[in-house]
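Shown below: my_file.pdb, with PDB, C-alpha atoms.
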ATOM      1  CA  MET X   1       0.000   0.000   0.000
ATOM      2  CA  LYS X   2       1.202   3.481  -0.865
ATOM      3  CA  LEU X   3       0.192   6.174   1.627
ATOM      4  CA  VAL X   4       0.081   9.756   0.353
ATOM      5  CA  SER X   5      -0.868  13.268   1.314
ATOM      6  CA  PHE X   6      -2.665  15.025  -1.528
ATOM      7  CA  HIS X   7      -4.956  17.807  -2.606
ATOM      8  CA  ALA X   8      -7.096  18.351  -5.657
ATOM      9  CA  GLY X   9      -6.924  21.940  -6.840
ATOM     10  CA  ARG X  10      -6.880  24.283  -3.881
ATOM     11  CA  GLY X  11      -8.562  21.974  -1.409
ATOM     12  CA  ASP X  12      -7.224  20.941   1.965
ATOM     13  CA  VAL X  13      -4.413  18.384   2.089
ATOM     14  CA  ARG X  14      -5.847  14.948   2.834
ATOM     15  CA  PRO X  15      -4.447  11.504   3.573
ATOM     16  CA  GLY X  16      -4.877   8.882   0.913
ATOM     17  CA  ALA X  17      -3.808   5.533  -0.468
ATOM     18  CA  VAL X  18      -2.792   4.936  -4.059
ATOM     19  CA  VAL X  19      -4.651   2.004  -5.608
ATOM     20  CA  GLY X  20      -3.717   1.469  -9.231
ATOM     21  CA  GLU X  21      -4.054   4.830 -10.944
ATOM     22  CA  GLU X  22      -6.414   6.266  -8.320
ATOM     23  CA  VAL X  23      -6.130   7.828  -4.877
ATOM     24  CA  VAL X  24      -8.518   6.687  -2.150
ATOM     25  CA  ASP X  25      -9.459   9.495   0.232
ATOM     26  CA  LEU X  26      -8.750   8.340   3.813
ATOM     27  CA  SER X  27      -9.851  11.532   5.555
ATOM     28  CA  ALA X  28     -12.835   9.719   7.048
ATOM     29  CA  VAL X  29     -10.340   7.618   9.014
ATOM     30  CA  ALA X  30      -7.776  10.249  10.029
ATOM     31  CA  PRO X  31      -7.110  13.914   9.214
ATOM     32  CA  THR X  32      -3.450  13.404   8.246
ATOM     33  CA  ILE X  33      -1.005  10.617   7.454
ATOM     34  CA  LEU X  34       0.719  11.334  10.768
ATOM     35  CA  ALA X  35      -2.554  10.786  12.622
ATOM     36  CA  LEU X  36      -3.117   7.621  10.618
ATOM     37  CA  LEU X  37       0.301   6.273  11.596
ATOM     38  CA  GLN X  38      -0.459   7.027  15.218
ATOM     39  CA  MET X  39      -3.602   4.872  14.844
ATOM     40  CA  GLY X  40      -1.731   2.134  12.987
ATOM     41  CA  VAL X  41      -1.340   1.479   9.275
ATOM     42  CA  ASP X  42      -4.029  -1.196   9.317
ATOM     43  CA  ALA X  43      -6.625   1.530   9.874
ATOM     44  CA  ALA X  44      -6.101   2.560   6.252
ATOM     45  CA  ARG X  45      -6.896  -0.926   4.987
ATOM     46  CA  THR X  46     -10.412  -0.698   6.406
ATOM     47  CA  ALA X  47     -11.217   2.346   4.260
ATOM     48  CA  LEU X  48     -10.001   1.397   0.790
ATOM     49  CA  ASP X  49     -13.596   1.490  -0.469
ATOM     50  CA  GLY X  50     -13.717   5.255   0.146
ATOM     51  CA  PRO X  51     -14.042   7.998  -2.495
ATOM     52  CA  ARG X  52     -11.478   7.816  -5.300
ATOM     53  CA  THR X  53      -9.875  10.399  -7.571
ATOM     54  CA  PRO X  54      -7.625   9.709 -10.568
ATOM     55  CA  LEU X  55      -3.986  10.044  -9.511
ATOM     56  CA  ALA X  56      -3.359  12.304 -12.490
ATOM     57  CA  GLU X  57      -5.872  14.826 -11.136
ATOM     58  CA  VAL X  58      -4.319  15.345  -7.693
ATOM     59  CA  THR X  59      -1.171  16.997  -6.383
ATOM     60  CA  LEU X  60       0.961  14.950  -4.012
ATOM     61  CA  THR X  61       2.571  16.767  -1.090
ATOM     62  CA  ALA X  62       5.127  15.577   1.468
ATOM     63  CA  PRO X  63       3.638  12.420   3.023
ATOM     64  CA  ILE X  64       4.370  13.824   6.505
ATOM     65  CA  ALA X  65       4.599  17.604   6.402
ATOM     66  CA  ARG X  66       6.125  17.947   9.876
ATOM     67  CA  PRO X  67       7.607  14.692  11.143
ATOM     68  CA  PRO X  68       8.091  14.584  14.922
ATOM     69  CA  LYS X  69      11.778  13.856  14.273
ATOM     70  CA  PHE X  70      13.825  13.904  11.067
ATOM     71  CA  LEU X  71      16.982  11.906  11.747
ATOM     72  CA  ALA X  72      19.811  11.307   9.286
ATOM     73  CA  ILE X  73      22.944   9.192   9.362
ATOM     74  CA  GLY X  74      26.205  10.316   7.795
ATOM     75  CA  LEU X  75      28.938   8.360   6.001
ATOM     76  CA  ASN X  76      26.905   5.162   5.848
ATOM     77  CA  TYR X  77      27.796   3.816   2.383
ATOM     78  CA  ALA X  78      31.228   2.285   1.942
ATOM     79  CA  LEU X  79      31.911   3.862  -1.451
ATOM     80  CA  HIS X  80      30.674   7.264  -0.253
ATOM     81  CA  VAL X  81      33.119   7.063   2.661
ATOM     82  CA  ALA X  82      35.890   6.346   0.151
ATOM     83  CA  GLU X  83      34.987   9.277  -2.120
ATOM     84  CA  SER X  84      34.803  11.553   0.934
ATOM     85  CA  GLN X  85      38.370  10.541   1.846
ATOM     86  CA  THR X  86      37.441   9.910   5.461
ATOM     87  CA  PRO X  87      37.999   6.870   7.686
ATOM     88  CA  LYS X  88      35.239   4.274   7.854
ATOM     89  CA  PRO X  89      33.184   5.185  10.939
ATOM     90  CA  GLU X  90      33.397   2.856  13.922
ATOM     91  CA  HIS X  91      30.104   4.151  15.270
ATOM     92  CA  GLN X  92      26.948   5.515  13.680
ATOM     93  CA  LEU X  93      27.148   9.266  12.947
ATOM     94  CA  TRP X  94      23.771  10.973  13.410
ATOM     95  CA  PHE X  95      22.451  14.496  12.922
ATOM     96  CA  ASN X  96      19.072  16.210  12.849
ATOM     97  CA  LYS X  97      17.379  17.811   9.887
ATOM     98  CA  GLN X  98      14.870  20.355  11.183
ATOM     99  CA  SER X  99      11.321  19.388  10.223
ATOM    100  CA  THR X 100      10.718  22.805   8.645
ATOM    101  CA  CYS X 101      13.009  21.763   5.759
ATOM    102  CA  VAL X 102      10.495  19.174   4.514
ATOM    103  CA  ILE X 103       8.952  19.589   1.072
ATOM    104  CA  GLY X 104       7.138  17.174  -1.199
ATOM    105  CA  PRO X 105       7.424  15.936  -4.770
ATOM    106  CA  GLY X 106       7.510  18.687  -7.372
ATOM    107  CA  GLU X 107       8.251  21.446  -4.875
ATOM    108  CA  ALA X 108      11.330  23.574  -5.476
ATOM    109  CA  ILE X 109      14.690  23.167  -3.756
ATOM    110  CA  GLN X 110      16.050  26.665  -3.139
ATOM    111  CA  ILE X 111      19.677  27.717  -3.544
ATOM    112  CA  PRO X 112      20.075  30.014  -0.517
ATOM    113  CA  THR X 113      21.410  33.524  -0.838
ATOM    114  CA  VAL X 114      24.272  32.708   1.573
ATOM    115  CA  SER X 115      25.857  29.821  -0.341
ATOM    116  CA  SER X 116      26.269  28.265  -3.771
ATOM    117  CA  MET X 117      27.684  24.972  -2.417
ATOM    118  CA  VAL X 118      24.390  23.057  -2.472
ATOM    119  CA  ASP X 119      24.548  19.301  -2.974
ATOM    120  CA  TYR X 120      22.103  16.436  -3.539
ATOM    121  CA  GLU X 121      22.029  13.152  -1.606
ATOM    122  CA  GLY X 122      19.618  10.473  -2.803
ATOM    123  CA  GLU X 123      18.624   8.267   0.122
ATOM    124  CA  LEU X 124      16.261   5.553   1.285
ATOM    125  CA  GLY X 125      14.198   6.725   4.236
ATOM    126  CA  PHE X 126      11.922   4.808   6.569
ATOM    127  CA  VAL X 127       9.050   5.906   8.784
ATOM    128  CA  ILE X 128       8.519   4.689  12.330
ATOM    129  CA  GLY X 129       5.100   3.124  12.871
ATOM    130  CA  GLN X 130       4.921   2.620  16.621
ATOM    131  CA  ARG X 131       6.258   4.184  19.764
ATOM    132  CA  CYS X 132       9.298   2.182  20.846
ATOM    133  CA  ARG X 133      12.481   2.124  22.907
ATOM    134  CA  HIS X 134      15.347  -0.389  23.280
ATOM    135  CA  VAL X 135      14.495  -2.231  20.074
ATOM    136  CA  PRO X 136      16.960  -5.015  19.178
ATOM    137  CA  ALA X 137      17.988  -5.193  15.546
ATOM    138  CA  ASP X 138      16.328  -8.569  15.064
ATOM    139  CA  ARG X 139      12.936  -7.014  15.946
ATOM    140  CA  ALA X 140      13.406  -3.603  14.344
ATOM    141  CA  ALA X 141      11.370  -4.493  11.245
ATOM    142  CA  GLU X 142       8.309  -4.636  13.511
ATOM    143  CA  VAL X 143       8.391  -0.871  14.176
ATOM    144  CA  ILE X 144       8.821   0.322  10.578
ATOM    145  CA  ALA X 145       5.589   1.536   8.997
ATOM    146  CA  GLY X 146       7.082   1.960   5.535
ATOM    147  CA  TYR X 147       9.729   3.388   3.248
ATOM    148  CA  LEU X 148      10.074   6.518   1.112
ATOM    149  CA  VAL X 149      12.599   8.436  -0.985
ATOM    150  CA  VAL X 150      14.544  11.279   0.653
ATOM    151  CA  ASN X 151      16.879  13.913  -0.759
ATOM    152  CA  ASP X 152      19.225  14.992   2.038
ATOM    153  CA  VAL X 153      20.051  18.332   0.419
ATOM    154  CA  SER X 154      23.215  19.736   1.968
ATOM    155  CA  VAL X 155      24.823  23.179   2.049
ATOM    156  CA  ARG X 156      28.402  21.967   2.237
ATOM    157  CA  ASP X 157      30.220  25.053   3.521
ATOM    158  CA  TRP X 158      27.673  25.503   6.313
ATOM    159  CA  GLN X 159      27.745  21.761   7.022
ATOM    160  CA  ARG X 160      31.516  21.835   7.576
ATOM    161  CA  ARG X 161      31.449  24.705  10.052
ATOM    162  CA  THR X 162      30.254  22.618  12.991
ATOM    163  CA  PRO X 163      30.555  18.927  13.893
ATOM    164  CA  THR X 164      26.783  18.591  14.361
ATOM    165  CA  MET X 165      26.136  19.481  10.662
ATOM    166  CA  THR X 166      22.577  20.540  11.546
ATOM    167  CA  MET X 167      22.757  24.050  10.091
ATOM    168  CA  GLY X 168      24.055  22.864   6.730
ATOM    169  CA  LYS X 169      21.428  20.130   6.559
ATOM    170  CA  SER X 170      18.337  22.085   7.581
ATOM    171  CA  PHE X 171      17.864  25.035   5.241
ATOM    172  CA  ASP X 172      14.232  25.514   4.253
ATOM    173  CA  THR X 173      13.259  23.294   1.277
ATOM    174  CA  HIS X 174      16.277  21.018   1.812
ATOM    175  CA  GLY X 175      14.295  17.964   2.920
ATOM    176  CA  PRO X 176      12.379  16.628  -0.106
ATOM    177  CA  THR X 177      10.472  13.435   0.776
ATOM    178  CA  GLY X 178       7.989  11.219  -1.013
ATOM    179  CA  PRO X 179       6.374  10.615  -3.342
ATOM    180  CA  TRP X 180       4.600   8.293  -0.899
ATOM    181  CA  ILE X 181       5.225   5.868   1.943
ATOM    182  CA  VAL X 182       5.339   2.275   0.716
ATOM    183  CA  THR X 183       4.192   0.111   3.607
ATOM    184  CA  ALA X 184       6.773  -2.300   4.963
ATOM    185  CA  ASP X 185       4.850  -5.400   3.895
ATOM    186  CA  GLU X 186       5.555  -4.455   0.263
ATOM    187  CA  VAL X 187       9.338  -4.120   0.760
ATOM    188  CA  PRO X 188      10.675  -7.652   1.310
ATOM    189  CA  ASP X 189      14.305  -6.556   1.693
ATOM    190  CA  PRO X 190      15.147  -2.865   2.207
ATOM    191  CA  HIS X 191      18.818  -3.766   1.918
ATOM    192  CA  ASP X 192      18.653  -4.864  -1.714
ATOM    193  CA  LEU X 193      17.198  -1.879  -3.563
ATOM    194  CA  ARG X 194      18.778  -0.083  -6.512
ATOM    195  CA  LEU X 195      19.071   3.675  -5.903
ATOM    196  CA  ARG X 196      19.757   6.188  -8.677
ATOM    197  CA  THR X 197      19.993   9.995  -8.695
ATOM    198  CA  TRP X 198      19.920  12.195 -11.767
ATOM    199  CA  VAL X 199      20.653  15.907 -11.921
ATOM    200  CA  SER X 200      18.708  16.971 -14.986
ATOM    201  CA  ASP X 201      19.681  14.213 -17.474
ATOM    202  CA  ASP X 202      23.010  13.335 -15.852
ATOM    203  CA  LEU X 203      23.052  10.107 -13.818
ATOM    204  CA  ARG X 204      25.105  10.964 -10.723
ATOM    205  CA  GLN X 205      24.407   8.108  -8.284
ATOM    206  CA  ASP X 206      23.799   4.441  -9.122
ATOM    207  CA  SER X 207      24.113   2.108  -6.176
ATOM    208  CA  ASN X 208      22.341  -0.452  -4.012
ATOM    209  CA  THR X 209      21.185  -0.152  -0.416
ATOM    210  CA  GLY X 210      23.245  -3.263   0.283
ATOM    211  CA  ASP X 211      26.295  -0.969   0.384
ATOM    212  CA  MET X 212      25.147   0.447   3.741
ATOM    213  CA  ILE X 213      27.643   0.075   6.562
ATOM    214  CA  PHE X 214      24.921   0.089   9.244
ATOM    215  CA  ASN X 215      21.613  -1.284   7.969
ATOM    216  CA  CYS X 216      18.124   0.002   8.754
ATOM    217  CA  PHE X 217      17.578  -2.395  11.619
ATOM    218  CA  GLN X 218      20.925  -1.623  13.240
ATOM    219  CA  GLN X 219      20.058   2.058  12.981
ATOM    220  CA  ILE X 220      16.824   1.550  14.916
ATOM    221  CA  GLU X 221      18.633  -0.445  17.591
ATOM    222  CA  HIS X 222      21.200   2.330  17.977
ATOM    223  CA  LEU X 223      18.764   5.256  18.039
ATOM    224  CA  SER X 224      16.269   3.612  20.376
ATOM    225  CA  THR X 225      19.045   2.945  22.882
ATOM    226  CA  ALA X 226      19.057   6.656  23.658
ATOM    227  CA  PHE X 227      15.542   7.952  23.022
ATOM    228  CA  THR X 228      12.003   6.978  22.183
ATOM    229  CA  LEU X 229      11.057   6.689  18.526
ATOM    230  CA  GLU X 230       7.507   7.733  17.670
ATOM    231  CA  PRO X 231       5.036   7.174  14.830
ATOM    232  CA  GLY X 232       5.839   9.505  11.966
ATOM    233  CA  ASP X 233       9.538   9.926  12.733
ATOM    234  CA  ILE X 234      11.510   9.893   9.481
ATOM    235  CA  VAL X 235      14.903   8.214   9.496
ATOM    236  CA  THR X 236      17.049   8.613   6.401
ATOM    237  CA  THR X 237      19.727   6.030   5.913
ATOM    238  CA  GLY X 238      22.665   7.742   4.199
ATOM    239  CA  THR X 239      23.701   8.412   0.632
ATOM    240  CA  PRO X 240      25.816   6.346  -1.759
ATOM    241  CA  SER X 241      28.759   7.579  -3.774
ATOM    242  CA  GLY X 242      28.377  10.117  -6.559
ATOM    243  CA  VAL X 243      27.589  13.311  -4.643
ATOM    244  CA  GLY X 244      28.464  16.652  -6.205
ATOM    245  CA  MET X 245      31.221  17.590  -3.765
ATOM    246  CA  ALA X 246      33.239  14.501  -4.745
ATOM    247  CA  ARG X 247      33.400  15.411  -8.434
ATOM    248  CA  THR X 248      36.283  17.313 -10.027
ATOM    249  CA  PRO X 249      35.425  20.128 -10.139
ATOM    250  CA  PRO X 250      32.559  19.930  -7.622
ATOM    251  CA  ALA X 251      29.155  19.802  -9.317
ATOM    252  CA  TRP X 252      26.882  21.941  -7.147
ATOM    253  CA  LEU X 253      23.183  22.310  -7.832
ATOM    254  CA  VAL X 254      22.209  25.458  -9.732
ATOM    255  CA  ALA X 255      18.906  27.100 -10.563
ATOM    256  CA  GLY X 256      17.347  25.346 -13.529
ATOM    257  CA  ASP X 257      18.473  21.855 -12.474
ATOM    258  CA  THR X 258      16.012  19.077 -11.669
ATOM    259  CA  VAL X 259      16.930  16.373  -9.153
ATOM    260  CA  ARG X 260      15.288  12.992  -9.734
ATOM    261  CA  ILE X 261      15.835  10.090  -7.332
ATOM    262  CA  THR X 262      14.490   6.614  -8.074
ATOM    263  CA  ILE X 263      14.584   3.679  -5.675
ATOM    264  CA  ASP X 264      13.331   0.421  -7.150
ATOM    265  CA  GLY X 265      10.211  -0.779  -5.375
ATOM    266  CA  ILE X 266       9.709   2.589  -3.652
ATOM    267  CA  GLY X 267       9.208   5.272  -6.328
ATOM    268  CA  THR X 268      10.621   8.428  -7.859
ATOM    269  CA  LEU X 269      11.030  11.794  -6.159
ATOM    270  CA  GLU X 270      11.610  14.770  -8.452
ATOM    271  CA  ASN X 271      12.230  18.403  -7.510
ATOM    272  CA  PRO X 272      13.243  21.470  -9.528
ATOM    273  CA  VAL X 273      15.988  23.784  -8.295
ATOM    274  CA  VAL X 274      15.485  27.562  -8.034
ATOM    275  CA  ARG X 275      17.156  30.526  -6.367
ATOM    276  CA  GLU X 276      15.861  31.589  -2.970
ATOM    277  CA  PRO X 277      13.663  34.663  -3.458
ATOM    278  CA  GLU X 278      15.203  37.855  -2.132
ATOM    279  CA  GLY X 279      13.124  40.285  -0.148
ATOM    280  CA  GLU X 280      11.997  41.279   3.318
ATOM    281  CA  PRO X 281      12.489  38.893   6.264
ATOM    282  CA  ALA X 282       9.700  36.333   6.536
TER     283      ALA X 282
END
Rendering of file as structure tokens:
Amino acid sequence: MKLVSFHAGRGDVRPGAVVGEEVVDLSAVAPTILALLQMGVDAARTALDGPRTPLAEVTLTAPIARPPKFLAIGLNYALHVAESQTPKPEHQLWFNKQSTCVIGPGEAIQIPTVSSMVDYEGELGFVIGQRCRHVPADRAAEVIAGYLVVNDVSVRDWQRRTPTMTMGKSFDTHGPTGPWIVTADEVPDPHDLRLRTWVSDDLRQDSNTGDMIFNCFQQIEHLSTAFTLEPGDIVTTGTPSGVGMARTPPAWLVAGDTVRITIDGIGTLENPVVREPEGEPA
């Protein structure tokens, strides 16, 4: 099942499920996808006979507009570690992306006025489906509601200024997610998925999630050792090799580019790139 947030025209954003080429409206069950996850994914299955709209006639938005937490791991693909010319990490390296950076499919990634060193990072993300703590890796699959595509957009000069990396990872519009959440029952092995990233027509990343150093289940074990994970938390699992900063010369995103990330079995997330509008403070 593919869970989406959508609107038709200028209507309110609603939760839905994609069935074939149609979207089933799930707003009778829950007001948002986050609320639905808090109820449990199975609640959606009871409402698949609800009103339907052709998928081509709706606009998909970020599945979870404001996740409770947006957690990201760094240096988690072996070949990306090599291209970054850094030692292989002995421990998992985590940072936060602020939830206000989240955008959905088709929304524009902005090049900020303070930097031109903006990079793409195609990633597999997963969504927590139940409140949990101290989850062993061999049971971690039980707490995953589903998977989605994430672009961990990074402002490299700001990222390098502090060891936490949060500022360089959290600019507004720098958290594209979507196009939907594919429920975990439809992803037999999240560690054997082909991941590709194009910038316009140039294929930049072509890898497999099997290249992760710490897999999804190990990530949950590690994170839940310290703090409670909650329904709707997004965890993004690192990027493979092929990022812009590793090219010679570096290939930063520029206005007019389009970033397209495809993960087999999950979907395609596409976002145009524009300059940040200049003007008065928001």
For Val235 of chain X, please output as a ChimeraX atom specification all residues within 7 Å (counting all atoms listed in the file; exclusion window: fewer than 5 positions along the same chain). /X:70-72,125-127
Which protein, DNA or RNA residues have an atom at most 10 Å from (3.6, 15.8, 3.7), counting all atoms listed in the file? List them as a list of chain:residue names. X:Val4, X:Ser5, X:Phe6, X:Val13, X:Arg14, X:Pro15, X:Thr32, X:Ile33, X:Leu34, X:Leu60, X:Thr61, X:Ala62, X:Pro63, X:Ile64, X:Ala65, X:Arg66, X:Pro67, X:Val102, X:Ile103, X:Gly104, X:Pro105, X:Pro176, X:Thr177, X:Gly178, X:Pro179, X:Trp180
For Lys2 of chain X, which of X:Asp42, X:Glu186, X:Glu107, X:Glu121 is the closest residue, counting only C-alpha atoms? X:Glu186
One number please: atom CA of Asp201 of chain X to atom CA of Leu253 of chain X, in Å, one decimal.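 Atom CA of Leu253 of chain X lies 13.1 Å from atom CA of Asp201 of chain X.
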Check the smallest atom-to-atom distance from each of X:Val135, X:Val118, X:Leu223, X:Cys101 to Val150 of chain X using only C-alpha atoms, then report the winner.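 Closest residue, counting only C-alpha atoms: X:Cys101.
Restricting the calculation to all atoms listed in the file, the smallest distance between Leu269 of chain X and any of X:Asn151, X:Thr86, X:Gln98, X:Ser116 is found for X:Asn151.
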Is there a way to complete segment 112-139 of chain X with N, CA and C atoms and then write that out as an mmCIF file, in the coordinates of the input?
data_model
loop_
_atom_site.group_PDB
_atom_site.id
_atom_site.type_symbol
_atom_site.label_atom_id
_atom_site.label_comp_id
_atom_site.auth_asym_id
_atom_site.auth_seq_id
_atom_site.Cartn_x
_atom_site.Cartn_y
_atom_site.Cartn_z
ATOM 1 N N PRO X 112 20.176 28.868 -1.426
ATOM 2 C CA PRO X 112 20.075 30.014 -0.517
ATOM 3 C C PRO X 112 20.974 31.167 -0.943
ATOM 4 N N THR X 113 20.621 32.338 -0.491
ATOM 5 C CA THR X 113 21.410 33.524 -0.838
ATOM 6 C C THR X 113 22.797 33.493 -0.216
ATOM 7 N N VAL X 114 23.005 32.684 0.840
ATOM 8 C CA VAL X 114 24.272 32.708 1.573
ATOM 9 C C VAL X 114 25.276 31.666 1.099
ATOM 10 N N SER X 115 24.925 30.846 0.109
ATOM 11 C CA SER X 115 25.857 29.821 -0.341
ATOM 12 C C SER X 115 25.478 29.330 -1.734
ATOM 13 N N SER X 116 26.497 28.923 -2.485
ATOM 14 C CA SER X 116 26.269 28.265 -3.771
ATOM 15 C C SER X 116 26.706 26.804 -3.726
ATOM 16 N N MET X 117 27.155 26.334 -2.549
ATOM 17 C CA MET X 117 27.684 24.972 -2.417
ATOM 18 C C MET X 117 26.580 24.019 -1.966
ATOM 19 N N VAL X 118 25.563 23.873 -2.809
ATOM 20 C CA VAL X 118 24.390 23.057 -2.472
ATOM 21 C C VAL X 118 24.487 21.725 -3.203
ATOM 22 N N ASP X 119 24.334 20.647 -2.453
ATOM 23 C CA ASP X 119 24.548 19.301 -2.974
ATOM 24 C C ASP X 119 23.289 18.457 -2.795
ATOM 25 N N TYR X 120 23.188 17.418 -3.601
ATOM 26 C CA TYR X 120 22.103 16.436 -3.539
ATOM 27 C C TYR X 120 22.606 15.195 -2.805
ATOM 28 N N GLU X 121 21.704 14.453 -2.189
ATOM 29 C CA GLU X 121 22.029 13.152 -1.606
ATOM 30 C C GLU X 121 20.783 12.279 -1.697
ATOM 31 N N GLY X 122 20.729 11.409 -2.697
ATOM 32 C CA GLY X 122 19.618 10.473 -2.803
ATOM 33 C C GLY X 122 19.701 9.418 -1.717
ATOM 34 N N GLU X 123 18.590 9.189 -1.016
ATOM 35 C CA GLU X 123 18.624 8.267 0.122
ATOM 36 C C GLU X 123 17.309 7.490 0.262
ATOM 37 N N LEU X 124 17.420 6.304 0.817
ATOM 38 C CA LEU X 124 16.261 5.553 1.285
ATOM 39 C C LEU X 124 15.914 6.025 2.682
ATOM 40 N N GLY X 125 14.653 6.377 2.900
ATOM 41 C CA GLY X 125 14.198 6.725 4.236
ATOM 42 C C GLY X 125 13.167 5.722 4.719
ATOM 43 N N PHE X 126 13.023 5.615 6.022
ATOM 44 C CA PHE X 126 11.922 4.808 6.569
ATOM 45 C C PHE X 126 11.184 5.609 7.622
ATOM 46 N N VAL X 127 9.940 5.205 7.867
ATOM 47 C CA VAL X 127 9.050 5.906 8.784
ATOM 48 C C VAL X 127 8.702 4.979 9.940
ATOM 49 N N ILE X 128 8.859 5.480 11.143
ATOM 50 C CA ILE X 128 8.519 4.689 12.330
ATOM 51 C C ILE X 128 6.991 4.571 12.445
ATOM 52 N N GLY X 129 6.533 3.375 12.803
ATOM 53 C CA GLY X 129 5.100 3.124 12.871
ATOM 54 C C GLY X 129 4.549 2.939 14.264
ATOM 55 N N GLN X 130 5.429 2.761 15.247
ATOM 56 C CA GLN X 130 4.921 2.620 16.621
ATOM 57 C C GLN X 130 5.943 3.148 17.620
ATOM 58 N N ARG X 131 5.418 3.658 18.703
ATOM 59 C CA ARG X 131 6.258 4.184 19.764
ATOM 60 C C ARG X 131 7.114 3.053 20.316
ATOM 61 N N CYS X 132 8.436 3.285 20.440
ATOM 62 C CA CYS X 132 9.298 2.182 20.846
ATOM 63 C C CYS X 132 10.588 2.692 21.478
ATOM 64 N N ARG X 133 11.191 1.838 22.254
ATOM 65 C CA ARG X 133 12.481 2.124 22.907
ATOM 66 C C ARG X 133 13.199 0.792 23.110
ATOM 67 N N HIS X 134 14.514 0.801 23.071
ATOM 68 C CA HIS X 134 15.347 -0.389 23.280
ATOM 69 C C HIS X 134 14.933 -1.530 22.344
ATOM 70 N N VAL X 135 14.913 -1.246 21.060
ATOM 71 C CA VAL X 135 14.495 -2.231 20.074
ATOM 72 C C VAL X 135 15.730 -2.976 19.555
ATOM 73 N N PRO X 136 15.824 -4.284 19.740
ATOM 74 C CA PRO X 136 16.960 -5.015 19.178
ATOM 75 C C PRO X 136 16.852 -5.085 17.661
ATOM 76 N N ALA X 137 17.974 -5.193 17.010
ATOM 77 C CA ALA X 137 17.988 -5.193 15.546
ATOM 78 C C ALA X 137 17.123 -6.299 14.965
ATOM 79 N N ASP X 138 17.088 -7.449 15.632
ATOM 80 C CA ASP X 138 16.328 -8.569 15.064
ATOM 81 C C ASP X 138 14.815 -8.392 15.199
ATOM 82 N N ARG X 139 14.382 -7.307 15.868
ATOM 83 C CA ARG X 139 12.936 -7.014 15.946
ATOM 84 C C ARG X 139 12.603 -5.642 15.359
#
